[in-house]
Amino acid sequence: MKTVHLASIDLNLLVVFDALVAEGHATRAAERIGLTQPAVSHALNRLRALFGDPLFVRSPRGMVATPLAQDIAPSVRSILEQVEGVLLGGRAFDPASSTRQFTLGLSDYAAFVLLPRLTARLDREAPGVSLIVRNTSRSVGLPMLEDGAAELIAGNFPEPPTHMREELLYEEDFICAARGDHSGLDGTIDLDRYLALRHLQVSMKGNPRGYVDAVLAEQGLKRTVAVTVGHFLMAPMLVDASDLIATEPRRLFAPLAGRLPLKLFSPPINIPPFRVVQTWHARHDADPGHQWLRRVLREVGQWA
């Protein structure tokens with residue numbers, strides 16, 4: 001077993017490594033930590049000797065991390081955050097006095113459901129904290145965490161890799177919505193009538209077959225999708241202006257039923273709910289500010 005003598009290792013090398021992971025470019029990494037580009041290159045050579053691995057390989061996109069570098073990056077970030085915490089005297093994050101800026105990744109659905117309550121909490125508890133909200137989706141959410149475009153995402157995403165964390169906020173079910181004076185609807189709706197109507201489908205990728213269609217297909221059924229849009233918040237307005245029927249998340253339509261003359265009813269087929277989660281990179285685990293934001297979002301999700 002290899003023995004490592006910490007006294008012989010310059011721990012500042014980890015700072016350089018962390019900056020290279022974050023920036024993917026030696027010059028930008030140097031600017032990030034206040035060193036010259038030659039100093040960063042020298043540190044990278046020492047890191048390569050220390051780990052016995054190239055760690056970063058040049059490409060047209062910049063410095064690409066090797067599998068080993070990707071594997072150790074979360075642990076290095078966690079170590080540095082713990083050191084920072086020790087040097088700060090273990091002070092907890094104070095939302096009332098903080099001026100920190102957080103970057104969130106939310107779809108328009110997740111923003112519609114979570115953001116009003118989240119910003120209300122910030123107004124009350126953390127008036128100096130600011131948010132940057134970037135649009136995300138099931139396919140791009142995890143890559144946004146990987147490359148640092150967002151530090152926390154909320155929505156429905158694939159199972160994250162082991163160097164990311166996930167927490168359930170709530171489970172979302174489906175509801176059908178139609179124009180309030182839709183001539184083809186009277187009270188409840190049976191399956192035959194449902195399938196005979198023209199439907200609105202929301203797909204971030206523009207795919208006219210989605211989750212509801214997959215559920216129908218399992219039973220050998222098919223609906224007619226007449227319009228597909230790429231934004232959830234278009235759905236209520238289009239339903240109100242047409243004879244289209246939408247089968248979409250309940251929390252998208254239920255709050256608008258009192259503002260638009262919409263008719264809401266349960267789908268005539270069982271559609272399993274989906275999970276809405278918050279997901280983050282393990283490098284933020286020990287960050288007190290990040291922990292506070294996750295707690296607030298968790299509480300907001302419980303009331304959504």
# chains A, B, ... in the order shown; residues from 1 in each chain; ligands from 1
>>> residues_around(residues="region 53-68 of chain A", least_positions_apart="6", cutoff="8 Å", atoms="only C-alpha atoms", output="VMD selection string")
chain A and resid 20 to 21 24 to 26 47
>>> residues_around(residues="Gly301 (chain A)", least_positions_apart="2", cutoff="10 Å", atoms="only C-alpha atoms", output="PDB file with all heavy atoms, in the first residue's frame")
ATOM      1  N   ALA A 110     -41.122  23.858 -13.242  1.00  0.00           N
ATOM      2  CA  ALA A 110     -40.577  23.928 -11.886  1.00  0.00           C
ATOM      3  C   ALA A 110     -40.511  25.370 -11.395  1.00  0.00           C
ATOM      4  O   ALA A 110     -40.759  25.644 -10.214  1.00  0.00           O
ATOM      5  CB  ALA A 110     -39.194  23.278 -11.837  1.00  0.00           C
ATOM      6  N   VAL A 113     -44.015  26.460 -10.311  1.00  0.00           N
ATOM      7  CA  VAL A 113     -44.474  25.843  -9.062  1.00  0.00           C
ATOM      8  C   VAL A 113     -43.674  26.334  -7.864  1.00  0.00           C
ATOM      9  O   VAL A 113     -44.234  26.647  -6.806  1.00  0.00           O
ATOM     10  CB  VAL A 113     -44.391  24.306  -9.168  1.00  0.00           C
ATOM     11  CG1 VAL A 113     -44.726  23.655  -7.832  1.00  0.00           C
ATOM     12  CG2 VAL A 113     -45.342  23.792 -10.244  1.00  0.00           C
ATOM     13  N   LEU A 114     -42.353  26.414  -7.997  1.00  0.00           N
ATOM     14  CA  LEU A 114     -41.481  26.634  -6.844  1.00  0.00           C
ATOM     15  C   LEU A 114     -41.023  28.073  -6.650  1.00  0.00           C
ATOM     16  O   LEU A 114     -40.840  28.520  -5.515  1.00  0.00           O
ATOM     17  CB  LEU A 114     -40.242  25.735  -6.957  1.00  0.00           C
ATOM     18  CG  LEU A 114     -40.494  24.228  -6.993  1.00  0.00           C
ATOM     19  CD1 LEU A 114     -39.211  23.492  -7.351  1.00  0.00           C
ATOM     20  CD2 LEU A 114     -41.043  23.745  -5.659  1.00  0.00           C
ATOM     21  N   ARG A 117     -42.926  30.900  -4.262  1.00  0.00           N
ATOM     22  CA  ARG A 117     -42.746  30.689  -2.819  1.00  0.00           C
ATOM     23  C   ARG A 117     -41.292  30.853  -2.400  1.00  0.00           C
ATOM     24  O   ARG A 117     -40.995  31.345  -1.313  1.00  0.00           O
ATOM     25  CB  ARG A 117     -43.252  29.303  -2.420  1.00  0.00           C
ATOM     26  CG  ARG A 117     -44.773  29.175  -2.372  1.00  0.00           C
ATOM     27  CD  ARG A 117     -45.163  27.849  -1.729  1.00  0.00           C
ATOM     28  NE  ARG A 117     -46.612  27.760  -1.534  1.00  0.00           N
ATOM     29  CZ  ARG A 117     -47.447  27.230  -2.402  1.00  0.00           C
ATOM     30  NH1 ARG A 117     -46.979  26.769  -3.555  1.00  0.00           N
ATOM     31  NH2 ARG A 117     -48.742  27.164  -2.162  1.00  0.00           N
ATOM     32  N   LEU A 118     -40.369  30.436  -3.282  1.00  0.00           N
ATOM     33  CA  LEU A 118     -38.953  30.575  -2.953  1.00  0.00           C
ATOM     34  C   LEU A 118     -38.559  32.046  -2.851  1.00  0.00           C
ATOM     35  O   LEU A 118     -37.878  32.448  -1.898  1.00  0.00           O
ATOM     36  CB  LEU A 118     -38.098  29.866  -4.010  1.00  0.00           C
ATOM     37  CG  LEU A 118     -36.580  29.982  -3.836  1.00  0.00           C
ATOM     38  CD1 LEU A 118     -36.145  29.421  -2.494  1.00  0.00           C
ATOM     39  CD2 LEU A 118     -35.866  29.270  -4.990  1.00  0.00           C
ATOM     40  N   ALA A 154     -33.846  21.700 -10.045  1.00  0.00           N
ATOM     41  CA  ALA A 154     -35.080  21.106  -9.525  1.00  0.00           C
ATOM     42  C   ALA A 154     -35.976  20.752 -10.693  1.00  0.00           C
ATOM     43  O   ALA A 154     -36.146  21.541 -11.626  1.00  0.00           O
ATOM     44  CB  ALA A 154     -35.794  22.070  -8.580  1.00  0.00           C
ATOM     45  N   LEU A 168     -35.971  14.068  -2.911  1.00  0.00           N
ATOM     46  CA  LEU A 168     -37.343  14.197  -3.389  1.00  0.00           C
ATOM     47  C   LEU A 168     -38.001  15.430  -2.782  1.00  0.00           C
ATOM     48  O   LEU A 168     -37.958  15.639  -1.570  1.00  0.00           O
ATOM     49  CB  LEU A 168     -38.146  12.946  -3.016  1.00  0.00           C
ATOM     50  CG  LEU A 168     -39.624  12.954  -3.423  1.00  0.00           C
ATOM     51  CD1 LEU A 168     -39.774  12.912  -4.937  1.00  0.00           C
ATOM     52  CD2 LEU A 168     -40.361  11.782  -2.771  1.00  0.00           C
ATOM     53  N   LEU A 169     -38.613  16.254  -3.635  1.00  0.00           N
ATOM     54  CA  LEU A 169     -39.390  17.400  -3.169  1.00  0.00           C
ATOM     55  C   LEU A 169     -40.866  17.043  -3.062  1.00  0.00           C
ATOM     56  O   LEU A 169     -41.511  17.325  -2.063  1.00  0.00           O
ATOM     57  CB  LEU A 169     -39.204  18.592  -4.114  1.00  0.00           C
ATOM     58  CG  LEU A 169     -37.787  19.163  -4.211  1.00  0.00           C
ATOM     59  CD1 LEU A 169     -37.730  20.282  -5.248  1.00  0.00           C
ATOM     60  CD2 LEU A 169     -37.311  19.673  -2.847  1.00  0.00           C
ATOM     61  N   TYR A 170     -41.413  16.417  -4.099  1.00  0.00           N
ATOM     62  CA  TYR A 170     -42.796  15.955  -4.069  1.00  0.00           C
ATOM     63  C   TYR A 170     -43.026  15.052  -5.279  1.00  0.00           C
ATOM     64  O   TYR A 170     -42.196  14.977  -6.177  1.00  0.00           O
ATOM     65  CB  TYR A 170     -43.790  17.122  -4.079  1.00  0.00           C
ATOM     66  CG  TYR A 170     -43.688  18.043  -5.277  1.00  0.00           C
ATOM     67  CD1 TYR A 170     -44.365  17.775  -6.472  1.00  0.00           C
ATOM     68  CD2 TYR A 170     -42.917  19.207  -5.224  1.00  0.00           C
ATOM     69  CE1 TYR A 170     -44.269  18.616  -7.565  1.00  0.00           C
ATOM     70  CE2 TYR A 170     -42.819  20.053  -6.325  1.00  0.00           C
ATOM     71  CZ  TYR A 170     -43.494  19.751  -7.488  1.00  0.00           C
ATOM     72  OH  TYR A 170     -43.403  20.571  -8.575  1.00  0.00           O
ATOM     73  N   GLU A 171     -44.166  14.364  -5.276  1.00  0.00           N
ATOM     74  CA  GLU A 171     -44.592  13.593  -6.436  1.00  0.00           C
ATOM     75  C   GLU A 171     -45.739  14.339  -7.114  1.00  0.00           C
ATOM     76  O   GLU A 171     -46.631  14.850  -6.442  1.00  0.00           O
ATOM     77  CB  GLU A 171     -45.019  12.184  -6.045  1.00  0.00           C
ATOM     78  CG  GLU A 171     -43.853  11.288  -5.637  1.00  0.00           C
ATOM     79  CD  GLU A 171     -44.234   9.822  -5.616  1.00  0.00           C
ATOM     80  OE1 GLU A 171     -45.443   9.530  -5.505  1.00  0.00           O
ATOM     81  OE2 GLU A 171     -43.323   8.986  -5.714  1.00  0.00           O
ATOM     82  N   VAL A 276     -40.488  14.917  -8.568  1.00  0.00           N
ATOM     83  CA  VAL A 276     -39.833  16.220  -8.700  1.00  0.00           C
ATOM     84  C   VAL A 276     -38.777  16.288  -7.603  1.00  0.00           C
ATOM     85  O   VAL A 276     -39.101  16.167  -6.413  1.00  0.00           O
ATOM     86  CB  VAL A 276     -40.830  17.378  -8.579  1.00  0.00           C
ATOM     87  CG1 VAL A 276     -40.107  18.719  -8.609  1.00  0.00           C
ATOM     88  CG2 VAL A 276     -41.854  17.308  -9.716  1.00  0.00           C
ATOM     89  N   VAL A 277     -37.538  16.456  -7.995  1.00  0.00           N
ATOM     90  CA  VAL A 277     -36.413  16.382  -7.058  1.00  0.00           C
ATOM     91  C   VAL A 277     -35.558  17.630  -7.152  1.00  0.00           C
ATOM     92  O   VAL A 277     -35.646  18.404  -8.109  1.00  0.00           O
ATOM     93  CB  VAL A 277     -35.540  15.140  -7.349  1.00  0.00           C
ATOM     94  CG1 VAL A 277     -36.363  13.859  -7.241  1.00  0.00           C
ATOM     95  CG2 VAL A 277     -34.900  15.240  -8.738  1.00  0.00           C
ATOM     96  N   GLN A 278     -34.739  17.817  -6.140  1.00  0.00           N
ATOM     97  CA  GLN A 278     -33.638  18.774  -6.251  1.00  0.00           C
ATOM     98  C   GLN A 278     -32.351  17.958  -6.287  1.00  0.00           C
ATOM     99  O   GLN A 278     -32.205  16.966  -5.562  1.00  0.00           O
ATOM    100  CB  GLN A 278     -33.633  19.790  -5.114  1.00  0.00           C
ATOM    101  CG  GLN A 278     -33.494  19.241  -3.711  1.00  0.00           C
ATOM    102  CD  GLN A 278     -33.360  20.359  -2.679  1.00  0.00           C
ATOM    103  OE1 GLN A 278     -32.966  21.484  -2.985  1.00  0.00           O
ATOM    104  NE2 GLN A 278     -33.706  20.058  -1.436  1.00  0.00           N
ATOM    105  N   ARG A 295     -32.508  23.362   2.104  1.00  0.00           N
ATOM    106  CA  ARG A 295     -33.547  23.231   3.125  1.00  0.00           C
ATOM    107  C   ARG A 295     -34.755  24.092   2.775  1.00  0.00           C
ATOM    108  O   ARG A 295     -35.901  23.634   2.886  1.00  0.00           O
ATOM    109  CB  ARG A 295     -33.001  23.633   4.501  1.00  0.00           C
ATOM    110  CG  ARG A 295     -34.063  23.616   5.602  1.00  0.00           C
ATOM    111  CD  ARG A 295     -33.494  24.013   6.942  1.00  0.00           C
ATOM    112  NE  ARG A 295     -32.929  25.354   6.944  1.00  0.00           N
ATOM    113  CZ  ARG A 295     -33.660  26.453   7.034  1.00  0.00           C
ATOM    114  NH1 ARG A 295     -34.972  26.401   7.122  1.00  0.00           N
ATOM    115  NH2 ARG A 295     -33.067  27.640   7.059  1.00  0.00           N
ATOM    116  N   VAL A 296     -34.509  25.323   2.331  1.00  0.00           N
ATOM    117  CA  VAL A 296     -35.615  26.202   1.966  1.00  0.00           C
ATOM    118  C   VAL A 296     -36.401  25.622   0.793  1.00  0.00           C
ATOM    119  O   VAL A 296     -37.633  25.590   0.793  1.00  0.00           O
ATOM    120  CB  VAL A 296     -35.097  27.608   1.630  1.00  0.00           C
ATOM    121  CG1 VAL A 296     -36.214  28.470   1.050  1.00  0.00           C
ATOM    122  CG2 VAL A 296     -34.521  28.280   2.878  1.00  0.00           C
ATOM    123  N   LEU A 297     -35.684  25.127  -0.219  1.00  0.00           N
ATOM    124  CA  LEU A 297     -36.365  24.556  -1.387  1.00  0.00           C
ATOM    125  C   LEU A 297     -37.150  23.304  -0.993  1.00  0.00           C
ATOM    126  O   LEU A 297     -38.242  23.053  -1.515  1.00  0.00           O
ATOM    127  CB  LEU A 297     -35.353  24.242  -2.481  1.00  0.00           C
ATOM    128  CG  LEU A 297     -35.909  24.060  -3.891  1.00  0.00           C
ATOM    129  CD1 LEU A 297     -36.674  25.303  -4.339  1.00  0.00           C
ATOM    130  CD2 LEU A 297     -34.793  23.758  -4.873  1.00  0.00           C
ATOM    131  N   ARG A 298     -36.597  22.514  -0.072  1.00  0.00           N
ATOM    132  CA  ARG A 298     -37.321  21.344   0.427  1.00  0.00           C
ATOM    133  C   ARG A 298     -38.624  21.744   1.093  1.00  0.00           C
ATOM    134  O   ARG A 298     -39.677  21.143   0.852  1.00  0.00           O
ATOM    135  CB  ARG A 298     -36.439  20.586   1.413  1.00  0.00           C
ATOM    136  CG  ARG A 298     -37.055  19.305   1.971  1.00  0.00           C
ATOM    137  CD  ARG A 298     -36.218  18.776   3.132  1.00  0.00           C
ATOM    138  NE  ARG A 298     -34.796  18.869   2.853  1.00  0.00           N
ATOM    139  CZ  ARG A 298     -33.915  19.457   3.661  1.00  0.00           C
ATOM    140  NH1 ARG A 298     -34.292  20.004   4.802  1.00  0.00           N
ATOM    141  NH2 ARG A 298     -32.637  19.488   3.349  1.00  0.00           N
ATOM    142  N   GLU A 299     -38.582  22.790   1.904  1.00  0.00           N
ATOM    143  CA  GLU A 299     -39.788  23.247   2.596  1.00  0.00           C
ATOM    144  C   GLU A 299     -40.771  23.858   1.601  1.00  0.00           C
ATOM    145  O   GLU A 299     -41.987  23.660   1.740  1.00  0.00           O
ATOM    146  CB  GLU A 299     -39.400  24.253   3.684  1.00  0.00           C
ATOM    147  CG  GLU A 299     -38.600  23.627   4.805  1.00  0.00           C
ATOM    148  CD  GLU A 299     -38.020  24.655   5.753  1.00  0.00           C
ATOM    149  OE1 GLU A 299     -38.201  25.864   5.522  1.00  0.00           O
ATOM    150  OE2 GLU A 299     -37.358  24.239   6.718  1.00  0.00           O
ATOM    151  N   TRP A 303     -44.935  22.448   0.380  1.00  0.00           N
ATOM    152  CA  TRP A 303     -46.161  23.245   0.329  1.00  0.00           C
ATOM    153  C   TRP A 303     -46.654  23.476  -1.084  1.00  0.00           C
ATOM    154  O   TRP A 303     -47.688  24.099  -1.293  1.00  0.00           O
ATOM    155  CB  TRP A 303     -45.916  24.612   1.006  1.00  0.00           C
ATOM    156  CG  TRP A 303     -45.825  24.496   2.501  1.00  0.00           C
ATOM    157  CD1 TRP A 303     -44.678  24.430   3.240  1.00  0.00           C
ATOM    158  CD2 TRP A 303     -46.904  24.435   3.437  1.00  0.00           C
ATOM    159  NE1 TRP A 303     -44.983  24.329   4.576  1.00  0.00           N
ATOM    160  CE2 TRP A 303     -46.332  24.328   4.738  1.00  0.00           C
ATOM    161  CE3 TRP A 303     -48.288  24.446   3.297  1.00  0.00           C
ATOM    162  CZ2 TRP A 303     -47.121  24.240   5.869  1.00  0.00           C
ATOM    163  CZ3 TRP A 303     -49.067  24.357   4.443  1.00  0.00           C
ATOM    164  CH2 TRP A 303     -48.494  24.251   5.710  1.00  0.00           C
ATOM    165  N   ALA A 304     -45.901  22.972  -2.061  1.00  0.00           N
ATOM    166  CA  ALA A 304     -46.291  23.203  -3.460  1.00  0.00           C
ATOM    167  C   ALA A 304     -47.586  22.484  -3.816  1.00  0.00           C
ATOM    168  O   ALA A 304     -47.881  21.421  -3.283  1.00  0.00           O
ATOM    169  CB  ALA A 304     -45.166  22.745  -4.380  1.00  0.00           C
TER     170      ALA A 304
END
>>> select_by_dssp(residues="region 106-259 of chain A", states="helix (DSSP H, G or I)", output="MDAnalysis selection string")
chainID A and resid 108:125 141:147 191:196 211:218 234:240 250:256
>>> residues_around(residues="Phe112 (chain A)", least_positions_apart="2", cutoff="10 Å", atoms="only C-alpha atoms", output="ChimeraX atom specification")
/A:106-110,114-117,232-233,251-252,255
>>> write_last_selection(atoms="N, CA and C atoms", output="PDB file, in the first residue's frame")
ATOM      1  N   LEU A 106     -33.978  25.514 -13.500  1.00  0.00           N
ATOM      2  CA  LEU A 106     -35.390  25.145 -13.374  1.00  0.00           C
ATOM      3  C   LEU A 106     -36.031  25.121 -14.762  1.00  0.00           C
ATOM      4  N   SER A 107     -36.915  24.158 -14.988  1.00  0.00           N
ATOM      5  CA  SER A 107     -37.760  24.231 -16.179  1.00  0.00           C
ATOM      6  C   SER A 107     -38.827  25.281 -15.932  1.00  0.00           C
ATOM      7  N   ASP A 108     -39.573  25.656 -16.979  1.00  0.00           N
ATOM      8  CA  ASP A 108     -40.626  26.648 -16.733  1.00  0.00           C
ATOM      9  C   ASP A 108     -41.705  26.073 -15.815  1.00  0.00           C
ATOM     10  N   TYR A 109     -41.931  24.753 -15.867  1.00  0.00           N
ATOM     11  CA  TYR A 109     -42.881  24.126 -14.939  1.00  0.00           C
ATOM     12  C   TYR A 109     -42.384  24.256 -13.495  1.00  0.00           C
ATOM     13  N   ALA A 110     -41.122  23.858 -13.242  1.00  0.00           N
ATOM     14  CA  ALA A 110     -40.577  23.928 -11.886  1.00  0.00           C
ATOM     15  C   ALA A 110     -40.511  25.370 -11.395  1.00  0.00           C
ATOM     16  N   LEU A 114     -42.353  26.414  -7.997  1.00  0.00           N
ATOM     17  CA  LEU A 114     -41.481  26.634  -6.844  1.00  0.00           C
ATOM     18  C   LEU A 114     -41.023  28.073  -6.650  1.00  0.00           C
ATOM     19  N   LEU A 115     -40.814  28.798  -7.752  1.00  0.00           N
ATOM     20  CA  LEU A 115     -40.142  30.085  -7.648  1.00  0.00           C
ATOM     21  C   LEU A 115     -40.934  31.149  -6.888  1.00  0.00           C
ATOM     22  N   PRO A 116     -42.257  31.252  -7.044  1.00  0.00           N
ATOM     23  CA  PRO A 116     -42.965  32.288  -6.268  1.00  0.00           C
ATOM     24  C   PRO A 116     -42.788  32.130  -4.757  1.00  0.00           C
ATOM     25  N   ARG A 117     -42.926  30.900  -4.262  1.00  0.00           N
ATOM     26  CA  ARG A 117     -42.746  30.689  -2.819  1.00  0.00           C
ATOM     27  C   ARG A 117     -41.292  30.853  -2.400  1.00  0.00           C
ATOM     28  N   PHE A 232     -44.192  24.653 -20.945  1.00  0.00           N
ATOM     29  CA  PHE A 232     -45.357  24.298 -20.152  1.00  0.00           C
ATOM     30  C   PHE A 232     -46.339  25.461 -20.021  1.00  0.00           C
ATOM     31  N   LEU A 233     -45.828  26.665 -19.858  1.00  0.00           N
ATOM     32  CA  LEU A 233     -46.713  27.790 -19.567  1.00  0.00           C
ATOM     33  C   LEU A 233     -47.528  28.230 -20.780  1.00  0.00           C
ATOM     34  N   ARG A 251     -50.113  20.624 -10.847  1.00  0.00           N
ATOM     35  CA  ARG A 251     -49.697  21.907 -10.287  1.00  0.00           C
ATOM     36  C   ARG A 251     -49.516  22.983 -11.353  1.00  0.00           C
ATOM     37  N   LEU A 252     -49.556  22.587 -12.616  1.00  0.00           N
ATOM     38  CA  LEU A 252     -49.499  23.571 -13.691  1.00  0.00           C
ATOM     39  C   LEU A 252     -50.859  24.213 -13.913  1.00  0.00           C
ATOM     40  N   PRO A 255     -53.561  25.963 -10.113  1.00  0.00           N
ATOM     41  CA  PRO A 255     -53.528  27.364  -9.641  1.00  0.00           C
ATOM     42  C   PRO A 255     -54.172  28.346 -10.614  1.00  0.00           C
TER      43      PRO A 255
END
>>> residues_around(residues="Arg209 (chain A)", least_positions_apart="4", cutoff="9 Å", atoms="only C-alpha atoms", output="list in words")
Gln201, Ser203, Asp213, Ala214, Val225 and Thr228 of chain A
>>> select_by_dssp(residues="region 65-294 of chain A", states="strand (DSSP E)", output="ChimeraX atom specification")
/A:65,101-106,130-135,152-155,164-172,174-179,198-202,224-229,245-249,262-265,274-281
>>> atom_distance(atom1="CA of Ser41 (chain A)", atom2="CA of Val76 (chain A)")
18.7 Å
>>> closest_residue(among="A:Pro273, A:Gly34, A:Pro95, A:Pro74", to="Pro288 (chain A)", atoms="only C-alpha atoms")
A:Pro95
>>> atom_distance(atom1="CA of Val83 (chain A)", atom2="CA of Gln291 (chain A)")
16.9 Å
>>> residues_around(residues="Arg32 (chain A)", least_positions_apart="4", cutoff="12 Å", atoms="only C-alpha atoms", output="list of chain:residue names")
A:Val15, A:Val16, A:Phe17, A:Asp18, A:Ala19, A:Leu20, A:Val21, A:Ala22, A:Glu23, A:Gly24, A:His25, A:Ala26, A:Thr27, A:Arg28, A:Thr36, A:Gln37, A:Val40
>>> write_last_selection(atoms="C-alpha atoms", output="mmCIF file, in the first residue's frame")
data_model
loop_
_atom_site.group_PDB
_atom_site.id
_atom_site.type_symbol
_atom_site.label_atom_id
_atom_site.label_comp_id
_atom_site.auth_asym_id
_atom_site.auth_seq_id
_atom_site.Cartn_x
_atom_site.Cartn_y
_atom_site.Cartn_z
ATOM 1 C CA VAL A 15 -6.475 24.595 -5.298
ATOM 2 C CA VAL A 16 -4.979 24.545 -8.806
ATOM 3 C CA PHE A 17 -6.637 21.207 -9.545
ATOM 4 C CA ASP A 18 -10.029 22.527 -8.416
ATOM 5 C CA ALA A 19 -9.665 25.639 -10.569
ATOM 6 C CA LEU A 20 -8.762 23.566 -13.635
ATOM 7 C CA VAL A 21 -11.826 21.387 -13.097
ATOM 8 C CA ALA A 22 -14.040 24.463 -12.810
ATOM 9 C CA GLU A 23 -12.591 26.400 -15.764
ATOM 10 C CA GLY A 24 -11.289 23.724 -18.143
ATOM 11 C CA HIS A 25 -8.647 26.200 -19.268
ATOM 12 C CA ALA A 26 -5.211 26.942 -17.786
ATOM 13 C CA THR A 27 -5.317 30.718 -18.331
ATOM 14 C CA ARG A 28 -8.812 31.104 -16.858
ATOM 15 C CA THR A 36 0.260 33.243 -13.600
ATOM 16 C CA GLN A 37 -0.384 30.792 -16.400
ATOM 17 C CA VAL A 40 -0.522 26.818 -13.134
#
>>> atom_distance(atom1="CA of Leu197 (chain A)", atom2="CA of Ala226 (chain A)")
9.4 Å
>>> closest_residue(among="A:Leu11, A:Glu146, A:Pro268, A:Glu167", to="Leu80 (chain A)", atoms="only C-alpha atoms")
A:Leu11
